[in-house]
Structure formats: structure tokens, C-alpha cells
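Text of work.pdb, listed as PDB, C-alpha atoms, pLDDT in the B column:
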```
ATOM      1  CA  SER K   1       0.000   0.000   0.000  1.00 50.00           C
ATOM      2  CA  LEU K   2       1.098   3.551  -0.674  1.00 53.00           C
ATOM      3  CA  SER K   3       0.924   4.749   2.935  1.00 62.00           C
ATOM      4  CA  LEU K   4       2.997   1.782   4.150  1.00 58.00           C
ATOM      5  CA  SER K   5       5.575   2.413   1.430  1.00 65.00           C
ATOM      6  CA  LEU K   6       5.708   6.133   2.275  1.00 63.00           C
ATOM      7  CA  SER K   7       5.961   5.435   6.013  1.00 69.00           C
ATOM      8  CA  LEU K   8       8.737   2.909   5.465  1.00 68.00           C
ATOM      9  CA  SER K   9      10.587   5.297   3.161  1.00 69.00           C
ATOM     10  CA  LEU K  10      10.365   8.179   5.655  1.00 67.00           C
ATOM     11  CA  SER K  11      11.359   5.937   8.554  1.00 69.00           C
ATOM     12  CA  LEU K  12      14.373   4.578   6.699  1.00 68.00           C
ATOM     13  CA  SER K  13      15.408   8.047   5.578  1.00 67.00           C
ATOM     14  CA  LEU K  14      15.311   9.342   9.144  1.00 64.00           C
ATOM     15  CA  SER K  15      17.213   6.323  10.448  1.00 66.00           C
ATOM     16  CA  ILE K  16      19.884   6.691   7.774  1.00 66.00           C
ATOM     17  CA  LYS K  17      20.322  10.393   8.534  1.00 61.00           C
ATOM     18  CA  THR K  18      20.341  10.117  12.327  1.00 62.00           C
ATOM     19  CA  ASP K  19      21.997   6.763  12.998  1.00 67.00           C
ATOM     20  CA  ILE K  20      23.773   4.998  10.175  1.00 65.00           C
ATOM     21  CA  LEU K  21      25.638   7.952   8.651  1.00 64.00           C
ATOM     22  CA  LYS K  22      26.966   8.951  12.074  1.00 66.00           C
ATOM     23  CA  GLN K  23      28.390   5.480  12.739  1.00 68.00           C
ATOM     24  CA  TYR K  24      29.842   4.517   9.369  1.00 66.00           C
ATOM     25  CA  HIS K  25      32.392   6.316   7.212  1.00 59.00           C
ATOM     26  CA  ILE K  26      30.911   7.809   4.097  1.00 68.00           C
ATOM     27  CA  SER K  27      32.576   9.416   1.136  1.00 74.00           C
ATOM     28  CA  THR K  28      33.029  13.178   1.127  1.00 75.00           C
ATOM     29  CA  ASN K  29      31.546  12.974  -2.372  1.00 77.00           C
ATOM     30  CA  GLN K  30      28.222  11.620  -1.121  1.00 75.00           C
ATOM     31  CA  HIS K  31      25.292  13.971  -1.626  1.00 74.00           C
ATOM     32  CA  SER K  32      22.285  11.849  -0.632  1.00 70.00           C
ATOM     33  CA  PHE K  33      21.179  11.937   3.013  1.00 68.00           C
ATOM     34  CA  ILE K  34      23.649  14.746   3.779  1.00 73.00           C
ATOM     35  CA  SER K  35      22.306  18.021   5.159  1.00 75.00           C
ATOM     36  CA  GLY K  36      22.813  20.862   2.692  1.00 83.00           C
ATOM     37  CA  ARG K  37      23.496  18.520  -0.218  1.00 82.00           C
ATOM     38  CA  SER K  38      21.164  17.288  -2.931  1.00 82.00           C
ATOM     39  CA  THR K  39      20.944  16.184  -6.530  1.00 79.00           C
ATOM     40  CA  ASP K  40      21.492  19.822  -7.461  1.00 87.00           C
ATOM     41  CA  THR K  41      24.724  20.080  -5.474  1.00 88.00           C
ATOM     42  CA  ALA K  42      25.947  16.808  -6.974  1.00 86.00           C
ATOM     43  CA  LEU K  43      25.271  18.091 -10.497  1.00 87.00           C
ATOM     44  CA  HIS K  44      26.942  21.433  -9.725  1.00 91.00           C
ATOM     45  CA  TYR K  45      30.027  19.611  -8.445  1.00 89.00           C
ATOM     46  CA  LEU K  46      30.094  17.394 -11.533  1.00 88.00           C
ATOM     47  CA  GLU K  47      29.769  20.414 -13.813  1.00 91.00           C
ATOM     48  CA  SER K  48      32.687  22.144 -12.067  1.00 92.00           C
ATOM     49  CA  GLN K  49      34.840  19.021 -12.433  1.00 90.00           C
ATOM     50  CA  ILE K  50      33.982  18.801 -16.142  1.00 90.00           C
ATOM     51  CA  GLN K  51      34.939  22.455 -16.619  1.00 93.00           C
ATOM     52  CA  LYS K  52      38.257  21.957 -14.773  1.00 94.00           C
ATOM     53  CA  ALA K  53      39.128  18.900 -16.860  1.00 93.00           C
ATOM     54  CA  LYS K  54      38.154  20.671 -20.067  1.00 92.00           C
ATOM     55  CA  GLY K  55      40.280  23.688 -19.077  1.00 95.00           C
ATOM     56  CA  ARG K  56      43.296  21.411 -18.622  1.00 95.00           C
ATOM     57  CA  GLY K  57      42.625  19.641 -21.901  1.00 95.00           C
ATOM     58  CA  ASN K  58      41.714  16.411 -20.102  1.00 93.00           C
ATOM     59  CA  TYR K  59      38.768  14.054 -20.221  1.00 87.00           C
ATOM     60  CA  LEU K  60      36.536  13.323 -17.265  1.00 83.00           C
ATOM     61  CA  LEU K  61      35.092   9.859 -16.782  1.00 85.00           C
ATOM     62  CA  CYS K  62      32.129   9.440 -14.474  1.00 80.00           C
ATOM     63  CA  ALA K  63      29.530   6.878 -13.537  1.00 77.00           C
ATOM     64  CA  PHE K  64      26.021   7.396 -12.211  1.00 71.00           C
ATOM     65  CA  LEU K  65      24.014   5.086 -10.007  1.00 69.00           C
ATOM     66  CA  ASP K  66      20.335   5.736  -9.538  1.00 68.00           C
ATOM     67  CA  ILE K  67      18.152   2.904  -8.358  1.00 66.00           C
ATOM     68  CA  GLU K  68      14.723   4.147  -9.380  1.00 68.00           C
ATOM     69  CA  GLY K  69      11.982   2.925  -7.107  1.00 68.00           C
ATOM     70  CA  ALA K  70      14.435   1.073  -4.877  1.00 64.00           C
ATOM     71  CA  PHE K  71      12.175   1.252  -1.814  1.00 63.00           C
ATOM     72  CA  ASP K  72       9.108   0.278  -3.828  1.00 68.00           C
ATOM     73  CA  ARG K  73      10.747  -2.866  -5.186  1.00 72.00           C
ATOM     74  CA  THR K  74      12.440  -4.041  -1.995  1.00 74.00           C
ATOM     75  CA  SER K  75      10.718  -6.646   0.148  1.00 78.00           C
ATOM     76  CA  ILE K  76       9.899  -5.838   3.760  1.00 77.00           C
ATOM     77  CA  ASN K  77      11.909  -8.899   4.819  1.00 83.00           C
ATOM     78  CA  SER K  78      15.047  -7.593   3.057  1.00 81.00           C
ATOM     79  CA  VAL K  79      14.660  -4.195   4.675  1.00 76.00           C
ATOM     80  CA  GLN K  80      14.230  -5.747   8.123  1.00 79.00           C
ATOM     81  CA  LYS K  81      17.367  -7.876   7.679  1.00 84.00           C
ATOM     82  CA  ALA K  82      19.406  -4.859   6.562  1.00 78.00           C
ATOM     83  CA  LEU K  83      18.176  -2.763   9.483  1.00 75.00           C
ATOM     84  CA  THR K  84      19.073  -5.544  11.893  1.00 80.00           C
ATOM     85  CA  ARG K  85      22.507  -5.900  10.322  1.00 78.00           C
ATOM     86  CA  PHE K  86      23.147  -2.175  10.913  1.00 72.00           C
ATOM     87  CA  TYR K  87      21.756  -2.319  14.466  1.00 71.00           C
ATOM     88  CA  VAL K  88      18.775  -0.080  13.749  1.00 67.00           C
ATOM     89  CA  ASP K  89      15.935  -0.596  16.228  1.00 62.00           C
TER      90      ASP K  89
END
```
Please re-express this file's structure in C-alpha cells.
Amino acid sequence: SLSLSLSLSLSLSLSIKTDILKQYHISTNQHSFISGRSTDTALHYLESQIQKAKGRGNYLLCAFLDIEGAFDRTSINSVQKALTRFYVD
């Protein structure tokens, strides 16, 4: 159901922001779940890196990972196992 999916998504988002990211090292390049960062800041950073590479006459290789609908397609059982593995109550 939509409300269950939305509730689960919001609950996981809050848990990731308040618990998991404080306990585990994350990349300084991460933009999701980081206060003050977003898709827009990630794209701005990428654009600046492209411009720097272009200015030096270099190429810039990059990869994107976007799992569309990841929460919608994940089973509740898988989510519960992952939360347990990361010690989320």
C-alpha cells in the first residue's frame, strides 16, 4: 500500500540520517542523506569538475548510479534484515 511504502521510506530516511551515517564512514563525495546537499549540489560539483578537466585539456570519466523505485521494489523482509545488520531498532 502507498501509505505503508511512504511510512517505510520516511522511517528509513530518518534512520539513515540520524543513525547509520553517524556510525559509518561515508565518502566526502556523497550527496544523498547529507544536510545541505542534494541532486542539485551533486550536479553542480560534476559540472565544475567537467569544466576543470576541459580547461586542462583532459577528459573526465564518471559513472552514475540511480536505483529508481528502490524502496518500492524491496521486500519488507530484506529491509528488516538490513536494518538488523546495521543495528537499527
**Message:** Report, in Å with one decimal, the straight-line distance from atom CA of K:Ser38 to atom CA of K:Tyr59.
**Reply:** 24.9 Å
**Request:** Enter the distance from atom CA of K:Thr28 to atom CA of K:Arg56, in Å, rounded to one decimal.
**Result:**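 Separating atom CA of K:Thr28 from atom CA of K:Arg56 is a distance of 23.7 Å.
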Residues matched by the PyMOL selection byres ((chain K and resi 60) around 12) as a PDB file with C-alpha atoms, keeping the file's coordinate frame:
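Saved result, expr_4.pdb, follows:
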```
ATOM      1  CA  LEU K  46      30.094  17.394 -11.533  1.00 88.00           C
ATOM      2  CA  GLU K  47      29.769  20.414 -13.813  1.00 91.00           C
ATOM      3  CA  SER K  48      32.687  22.144 -12.067  1.00 92.00           C
ATOM      4  CA  GLN K  49      34.840  19.021 -12.433  1.00 90.00           C
ATOM      5  CA  ILE K  50      33.982  18.801 -16.142  1.00 90.00           C
ATOM      6  CA  GLN K  51      34.939  22.455 -16.619  1.00 93.00           C
ATOM      7  CA  LYS K  52      38.257  21.957 -14.773  1.00 94.00           C
ATOM      8  CA  ALA K  53      39.128  18.900 -16.860  1.00 93.00           C
ATOM      9  CA  LYS K  54      38.154  20.671 -20.067  1.00 92.00           C
ATOM     10  CA  GLY K  55      40.280  23.688 -19.077  1.00 95.00           C
ATOM     11  CA  ARG K  56      43.296  21.411 -18.622  1.00 95.00           C
ATOM     12  CA  GLY K  57      42.625  19.641 -21.901  1.00 95.00           C
ATOM     13  CA  ASN K  58      41.714  16.411 -20.102  1.00 93.00           C
ATOM     14  CA  TYR K  59      38.768  14.054 -20.221  1.00 87.00           C
ATOM     15  CA  LEU K  61      35.092   9.859 -16.782  1.00 85.00           C
ATOM     16  CA  CYS K  62      32.129   9.440 -14.474  1.00 80.00           C
ATOM     17  CA  ALA K  63      29.530   6.878 -13.537  1.00 77.00           C
TER      18      ALA K  63
END
```
**Prompt:** What is the distance between atom CA of K:Phe86 and atom CA of K:Ile34, in Å to one decimal?
**Reply:**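 Distance reported for this atom pair: 18.4 Å.
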